[in-house]
file work.txt (compact mmCIF, C-alpha atoms)
# COMPACT_ATOMS: atom_id res chain seq x y z
CA MET A 1 215.81 -94.89 201.14
CA LYS A 2 213.48 -97.27 199.32
CA ARG A 3 213.40 -101.06 199.60
CA ILE A 4 212.23 -104.00 197.54
CA VAL A 5 212.20 -107.38 199.27
CA LEU A 6 212.48 -110.41 197.02
CA LEU A 7 211.04 -113.58 198.52
CA ARG A 8 211.04 -117.03 196.96
CA HIS A 9 207.94 -119.04 197.86
CA GLY A 10 207.97 -121.53 200.74
CA GLU A 11 208.58 -125.23 200.26
CA SER A 12 206.16 -126.73 197.74
CA GLN A 13 205.06 -130.34 197.47
CA TRP A 14 207.34 -130.86 194.47
CA ASN A 15 210.24 -129.14 196.24
CA LYS A 16 209.80 -131.77 198.92
CA GLU A 17 209.66 -134.54 196.29
CA ASN A 18 212.65 -133.03 194.41
CA ARG A 19 210.73 -132.63 191.15
CA PHE A 20 211.08 -130.08 188.36
CA THR A 21 208.07 -127.82 188.85
CA GLY A 22 208.19 -124.88 186.46
CA TRP A 23 204.68 -123.68 185.56
CA THR A 24 202.96 -126.66 187.21
CA ASP A 25 200.63 -125.25 189.87
CA VAL A 26 201.81 -127.10 192.98
CA ASP A 27 200.69 -126.16 196.50
CA LEU A 28 202.81 -125.46 199.57
CA THR A 29 203.60 -128.15 202.12
CA GLU A 30 202.85 -127.58 205.79
CA ALA A 31 206.54 -126.77 206.17
CA GLY A 32 206.25 -124.24 203.34
CA ILE A 33 203.33 -122.52 205.06
CA ALA A 34 205.36 -122.37 208.27
CA GLU A 35 208.31 -120.89 206.33
CA ALA A 36 206.07 -118.20 204.86
CA ALA A 37 204.69 -117.34 208.29
CA ALA A 38 208.21 -117.14 209.75
CA ALA A 39 209.31 -114.88 206.89
CA GLY A 40 206.39 -112.55 207.60
CA ARG A 41 207.20 -112.38 211.30
CA LEU A 42 210.87 -111.74 210.54
CA MET A 43 210.06 -108.89 208.15
CA LEU A 44 207.69 -107.40 210.74
CA THR A 45 210.40 -107.59 213.41
CA GLU A 46 212.81 -105.84 211.03
CA GLY A 47 210.40 -102.93 210.67
CA LEU A 48 209.32 -103.50 207.08
CA LYS A 49 205.92 -102.00 206.23
CA PHE A 50 205.02 -102.72 202.63
CA ASP A 51 202.88 -100.34 200.59
CA ARG A 52 202.11 -102.90 197.90
CA ALA A 53 203.11 -106.35 196.70
CA PHE A 54 203.60 -108.31 193.50
CA THR A 55 203.49 -112.05 192.83
CA SER A 56 203.09 -114.63 190.09
CA VAL A 57 199.85 -116.45 189.27
CA LEU A 58 201.09 -119.77 190.70
CA LYS A 59 199.55 -120.77 194.03
CA ARG A 60 202.81 -121.57 195.84
CA ALA A 61 203.84 -117.92 195.42
CA VAL A 62 200.36 -116.47 195.96
CA LYS A 63 199.86 -118.47 199.15
CA THR A 64 203.34 -117.55 200.45
CA LEU A 65 202.49 -113.88 199.94
CA ASP A 66 199.10 -114.25 201.65
CA VAL A 67 200.59 -116.01 204.69
CA ALA A 68 203.50 -113.58 205.01
CA LEU A 69 201.24 -110.52 204.80
CA ASP A 70 198.80 -112.05 207.28
CA ASN A 71 201.63 -112.38 209.78
CA MET A 72 202.50 -108.72 209.22
CA ASN A 73 198.87 -107.53 209.53
CA LEU A 74 199.16 -106.23 205.98
CA ASP A 75 196.47 -108.32 204.29
CA TRP A 76 194.86 -105.11 203.04
CA ILE A 77 197.66 -103.73 200.84
CA PRO A 78 197.26 -103.77 197.03
CA VAL A 79 198.56 -106.96 195.38
CA ALA A 80 199.25 -107.43 191.67
CA LYS A 81 199.51 -110.93 190.18
CA ASN A 82 201.17 -111.45 186.81
CA TRP A 83 202.30 -114.46 184.76
CA ARG A 84 205.57 -112.70 183.91
CA LEU A 85 206.76 -113.49 187.46
CA ASN A 86 206.13 -117.22 187.01
CA GLU A 87 208.93 -119.73 187.44
CA LYS A 88 211.13 -120.71 184.51
CA HIS A 89 209.27 -123.20 182.31
CA TYR A 90 211.05 -126.56 182.41
CA GLY A 91 209.36 -128.07 179.34
CA VAL A 92 209.24 -131.88 179.26
CA LEU A 93 211.18 -132.06 182.55
CA GLN A 94 208.22 -130.80 184.56
CA GLY A 95 207.16 -133.46 187.04
CA LEU A 96 210.36 -135.51 186.76
CA ASN A 97 212.47 -136.25 189.84
CA LYS A 98 215.71 -134.26 189.65
CA ARG A 99 217.95 -136.95 191.14
CA GLU A 100 216.52 -139.66 188.88
CA THR A 101 216.95 -137.36 185.89
CA ALA A 102 220.59 -136.77 186.87
CA GLU A 103 221.15 -140.52 187.15
CA LYS A 104 219.78 -140.92 183.60
CA TYR A 105 221.38 -137.94 181.86
CA GLY A 106 224.30 -137.08 184.15
CA ASP A 107 224.89 -134.33 186.70
CA ALA A 108 226.46 -132.00 184.12
CA GLN A 109 223.45 -132.09 181.81
CA VAL A 110 220.96 -131.52 184.63
CA TYR A 111 223.12 -128.67 185.94
CA GLN A 112 222.91 -127.05 182.50
CA TRP A 113 219.14 -127.40 182.41
CA ARG A 114 218.78 -126.01 185.95
CA ARG A 115 221.42 -123.30 186.17
CA SER A 116 222.94 -122.34 182.80
CA TYR A 117 221.89 -119.04 181.29
CA ASP A 118 220.97 -120.06 177.77
CA VAL A 119 220.22 -123.82 177.69
CA ALA A 120 216.55 -124.84 177.73
CA PRO A 121 215.10 -128.35 178.17
CA ALA A 122 213.10 -129.91 175.32
CA PRO A 123 209.74 -128.13 174.84
CA LEU A 124 206.26 -129.46 175.50
CA ALA A 125 204.32 -130.52 172.43
CA ASP A 126 201.41 -128.32 171.35
CA ASP A 127 198.94 -131.02 172.37
CA ASP A 128 200.57 -131.79 175.72
CA PRO A 129 197.98 -131.19 178.49
CA ARG A 130 200.71 -129.39 180.47
CA ASN A 131 200.98 -126.77 177.73
CA PRO A 132 199.99 -123.39 179.25
CA ARG A 133 197.74 -122.64 176.27
CA PHE A 134 195.17 -124.97 177.86
CA ASP A 135 195.20 -123.12 181.21
CA PRO A 136 192.40 -120.53 181.60
CA ARG A 137 194.58 -118.22 183.69
CA TYR A 138 196.58 -117.44 180.51
CA ARG A 139 193.63 -116.96 178.16
CA ASP A 140 194.43 -113.26 177.71
CA VAL A 141 198.11 -113.87 176.97
CA PRO A 142 198.95 -114.12 173.23
CA GLN A 143 199.76 -117.72 172.31
CA SER A 144 203.09 -116.64 170.84
CA MET A 145 204.18 -115.37 174.26
CA LEU A 146 203.36 -118.53 176.24
CA PRO A 147 206.46 -120.70 176.67
CA ARG A 148 206.69 -124.44 176.04
CA THR A 149 210.15 -124.39 177.63
CA GLU A 150 212.62 -121.71 178.74
CA SER A 151 216.25 -121.04 179.48
CA LEU A 152 217.08 -118.50 182.17
CA ARG A 153 217.69 -116.01 179.36
CA ASP A 154 214.12 -116.57 178.15
CA THR A 155 212.83 -116.14 181.71
CA VAL A 156 214.72 -112.85 182.05
CA ASP A 157 213.32 -111.64 178.73
CA ARG A 158 209.72 -112.07 179.92
CA THR A 159 210.29 -110.96 183.55
CA LEU A 160 212.28 -107.74 183.04
CA PRO A 161 209.58 -105.83 181.12
CA TYR A 162 207.30 -106.28 184.13
CA TRP A 163 210.09 -105.26 186.51
CA ASN A 164 210.92 -102.15 184.48
CA CYS A 165 207.37 -101.09 183.61
CA GLU A 166 205.45 -102.01 186.77
CA ILE A 167 207.53 -102.89 189.83
CA LEU A 168 210.32 -100.33 189.67
CA PRO A 169 207.97 -97.42 188.80
CA ALA A 170 205.78 -98.44 191.76
CA LEU A 171 208.83 -97.98 193.99
CA ALA A 172 208.88 -94.31 193.01
CA ARG A 173 205.53 -93.96 194.82
CA CYS A 174 206.28 -96.33 197.73
CA ALA A 175 208.83 -96.84 200.47
CA ASP A 176 208.78 -100.64 200.69
CA ILE A 177 207.59 -103.23 198.15
CA LEU A 178 207.39 -107.02 198.47
CA VAL A 179 207.86 -109.31 195.46
CA VAL A 180 207.07 -113.00 196.01
CA ALA A 181 208.01 -115.23 193.10
CA HIS A 182 210.23 -118.18 192.20
CA GLY A 183 213.85 -119.25 192.21
CA ASN A 184 214.55 -118.50 188.55
CA SER A 185 212.34 -115.48 187.95
CA LEU A 186 214.01 -113.89 190.99
CA ARG A 187 217.49 -114.98 189.85
CA GLY A 188 216.84 -113.10 186.62
CA ILE A 189 215.81 -109.95 188.48
CA VAL A 190 218.87 -110.15 190.75
CA LYS A 191 221.12 -110.66 187.72
CA HIS A 192 219.74 -107.45 186.25
CA ILE A 193 219.95 -105.38 189.46
CA LYS A 194 223.49 -106.43 190.38
CA GLY A 195 224.93 -106.83 186.89
CA ILE A 196 225.87 -110.47 187.43
CA SER A 197 227.49 -112.13 184.41
CA ASP A 198 225.88 -114.94 182.42
CA ALA A 199 228.46 -117.38 183.81
CA GLU A 200 228.31 -116.26 187.45
CA ILE A 201 224.52 -116.42 187.68
CA ALA A 202 224.77 -120.23 187.51
CA THR A 203 226.15 -120.30 191.07
CA LEU A 204 223.28 -118.31 192.60
CA ASN A 205 220.83 -120.53 194.50
CA LEU A 206 217.86 -118.99 196.32
CA PRO A 207 216.58 -120.68 199.47
CA THR A 208 212.84 -120.83 200.05
CA ALA A 209 211.05 -118.10 202.04
CA THR A 210 214.22 -116.14 202.87
CA PRO A 211 213.71 -112.34 202.59
CA TRP A 212 216.33 -110.65 200.41
CA VAL A 213 216.33 -106.86 200.86
CA PHE A 214 217.44 -104.51 198.08
CA GLU A 215 217.89 -100.84 198.94
CA PHE A 216 217.55 -98.02 196.39
CA ASP A 217 218.06 -94.27 196.64
CA ASP A 218 215.31 -91.78 195.80
CA ARG A 219 216.34 -91.88 192.13
CA LEU A 220 215.83 -95.67 192.15
CA ASN A 221 219.54 -96.42 191.90
CA TYR A 222 220.56 -99.71 193.52
CA VAL A 223 222.56 -99.13 196.73
CA LYS A 224 223.02 -102.46 198.52
CA ASP A 225 221.39 -105.79 199.36
CA TYR A 226 221.31 -108.28 202.24
CA PHE A 227 219.39 -111.30 203.47
CA LEU A 228 217.35 -111.29 206.66
CA GLY A 229 218.05 -114.19 208.99
CA ASP A 230 220.92 -116.27 210.30
CA PRO A 231 223.81 -116.29 207.76
CA ALA A 232 224.88 -119.85 208.58
CA GLU A 233 221.35 -121.19 208.15
CA ILE A 234 220.91 -119.27 204.89
CA ALA A 235 224.19 -120.70 203.55
CA ARG A 236 223.09 -124.22 204.51
CA ARG A 237 219.79 -123.82 202.72
CA MET A 238 221.50 -122.44 199.61
CA GLN A 239 223.73 -125.52 199.53
CA ALA A 240 220.66 -127.75 199.83
CA VAL A 241 219.11 -126.05 196.77
CA ALA A 242 222.34 -126.51 194.81
CA ALA A 243 222.41 -130.23 195.64
CA GLN A 244 218.86 -130.96 194.42
CA GLY A 245 219.94 -131.77 190.86
CA LYS A 246 222.74 -134.20 191.69
CA SER A 247 222.59 -137.96 191.26
CA SER A 248 224.19 -138.63 194.65

call {"tool": "encode", "arguments": {"input": "work.txt", "output": "structure tokens"}}
result
Amino acid sequence: MKRIVLLRHGESQWNKENRFTGWTDVDLTEAGIAEAAAAGRLMLTEGLKFDRAFTSVLKRAVKTLDVALDNMNLDWIPVAKNWRLNEKHYGVLQGLNKRETAEKYGDAQVYQWRRSYDVAPAPLADDDPRNPRFDPRYRDVPQSMLPRTESLRDTVDRTLPYWNCEILPALARCADILVVAHGNSLRGIVKHIKGISDAEIATLNLPTATPWVFEFDDRLNYVKDYFLGDPAEIARRMQAVAAQGKSS
């Protein structure tokens, strides 16, 4: 048996403020750091011993990974960081309060921007300082590949090549792998693994810092999946994520 654990980052400052974050590089809150530490201790208690880890290049994911591994005494394992695991790019919505945006445009429109498979917010202008082409961490990425906005479909299209070419092949050489990323990049991976339809994926909400274990056989065929932690608490936190984009 082989396992990949998917872990959304801990609470970020803009999670706390209920803002669209996307590719904005926002740090963890103190609560988010505590969530990451608790996730690490839980995975240690459950007997997980990762051989390597993957994360995005955004600090809320990187720091979550660092804290979790520190609490597992696994700081030394190889870690790969890649922009393809970044959060969905929210275009001009980045930085806006989700509830205020819902009050202005309506719950249905915000739901489409947040959870639909193929609807993207309006893109950033080329000269917008938030445009990733101005960020040195992406200097080696072709300009044509850097998003100005994304739907979930777009996020899947950039994330799956990394999953198929880097993460899944690494599982052939490892027993356990940890992937720390973001709500939408992970939703795209889960959609692919479990064959979730375009319509059904809209209802999937990932709580912060909650380990989601996926088991594979030796031929890398998906077998089953399950969350670690209290089911009632996980359900409550999923509902809280779902409610973030509502006007009331």

call {"tool": "residues_near_point", "arguments": {"input": "work.txt", "point": "(203.8, -123.1, 173.7)", "cutoff": "8 Å", "atoms": "all atoms listed in the file", "output": "VMD selection string"}}
result
chain A and resid 123 to 126 131 to 133 143 to 149

call {"tool": "residues_around", "arguments": {"input": "work.txt", "residues": "segment 177-193 of chain A", "least_positions_apart": "4", "cutoff": "8 Å", "atoms": "all atoms listed in the file", "output": "PyMOL selection string"}}
result
chain A and resi 3-9+50-56+61-62+64-65+85-88+152-153+155-156+159-160+163+171+197+201+204-207+222

call {"tool": "atom_distance", "arguments": {"input": "work.txt", "atom1": "atom CA of Gly40 of chain A", "atom2": "atom CA of Val241 of chain A"}}
result
21.5 Å

call {"tool": "atom_distance", "arguments": {"input": "work.txt", "atom1": "atom CA of Pro161 of chain A", "atom2": "atom CA of Pro142 of chain A"}}
result
15.6 Å

call {"tool": "closest_residue", "arguments": {"input": "work.txt", "among": "A:Asp75, A:Asp107, A:Asp230, A:Glu17", "to": "Thr210 of chain A", "atoms": "all atoms listed in the file"}}
result
A:Asp230

call {"tool": "axis_aligned_box", "arguments": {"input": "work.txt", "around": "segment 110-125 of chain A", "padding_each_side": "5 Å", "output": "JSON"}}
result
{"center_x": 213.7, "center_y": -125.3, "center_z": 179.3, "size_x": 28.8, "size_y": 22.5, "size_z": 23.7}

call {"tool": "closest_atom_pairs", "arguments": {"input": "work.txt", "of": "segment 55-91 of chain A", "to": "segment 114-120 of chain A", "cutoff": "10 Å", "atoms": "only C-alpha atoms", "output": "Markdown table"}}
result
| residue | atom | partner | partner_atom | distance |
| --- | --- | --- | --- | --- |
| A:Lys88 | CA | A:Arg114 | CA | 9.4 |
| A:His89 | CA | A:Ala120 | CA | 8.8 |
| A:Tyr90 | CA | A:Ala120 | CA | 7.4 |
| A:Gly91 | CA | A:Ala120 | CA | 8.0 |

call {"tool": "build_atoms", "arguments": {"input": "work.txt", "residues": "segment 159-170 of chain A", "atoms": "N, CA, C and O atoms", "output": "compact mmCIF listing (two decimals), keeping the file's coordinate frame"}}
result
# COMPACT_ATOMS: atom_id res chain seq x y z
N THR A 159 210.45 -111.54 182.22
CA THR A 159 210.29 -110.96 183.55
C THR A 159 210.68 -109.49 183.60
O THR A 159 210.00 -108.67 184.23
N LEU A 160 211.77 -109.12 182.92
CA LEU A 160 212.28 -107.74 183.04
C LEU A 160 211.32 -106.67 182.54
O LEU A 160 211.27 -105.58 183.15
N PRO A 161 210.54 -106.89 181.48
CA PRO A 161 209.58 -105.83 181.12
C PRO A 161 208.60 -105.51 182.25
O PRO A 161 208.24 -104.34 182.45
N TYR A 162 208.20 -106.52 183.00
CA TYR A 162 207.30 -106.28 184.13
C TYR A 162 208.03 -105.56 185.26
O TYR A 162 207.47 -104.66 185.90
N TRP A 163 209.27 -105.94 185.51
CA TRP A 163 210.09 -105.26 186.51
C TRP A 163 210.26 -103.79 186.15
O TRP A 163 210.04 -102.90 186.98
N ASN A 164 210.62 -103.52 184.90
CA ASN A 164 210.92 -102.15 184.48
C ASN A 164 209.69 -101.28 184.32
O ASN A 164 209.74 -100.07 184.59
N CYS A 165 208.57 -101.87 183.91
CA CYS A 165 207.37 -101.09 183.61
C CYS A 165 206.36 -101.02 184.75
O CYS A 165 205.51 -100.12 184.77
N GLU A 166 206.43 -101.96 185.69
CA GLU A 166 205.45 -102.01 186.77
C GLU A 166 206.06 -101.93 188.17
O GLU A 166 205.68 -101.08 188.97
N ILE A 167 207.02 -102.81 188.45
CA ILE A 167 207.53 -102.89 189.83
C ILE A 167 208.42 -101.71 190.18
O ILE A 167 208.20 -101.04 191.20
N LEU A 168 209.41 -101.44 189.36
CA LEU A 168 210.32 -100.33 189.67
C LEU A 168 209.60 -98.98 189.67
O LEU A 168 209.82 -98.18 190.60
N PRO A 169 208.72 -98.68 188.71
CA PRO A 169 207.97 -97.42 188.80
C PRO A 169 207.10 -97.33 190.06
O PRO A 169 206.92 -96.24 190.61
N ALA A 170 206.58 -98.46 190.53
CA ALA A 170 205.78 -98.44 191.76
C ALA A 170 206.64 -98.02 192.95
O ALA A 170 206.14 -97.39 193.89
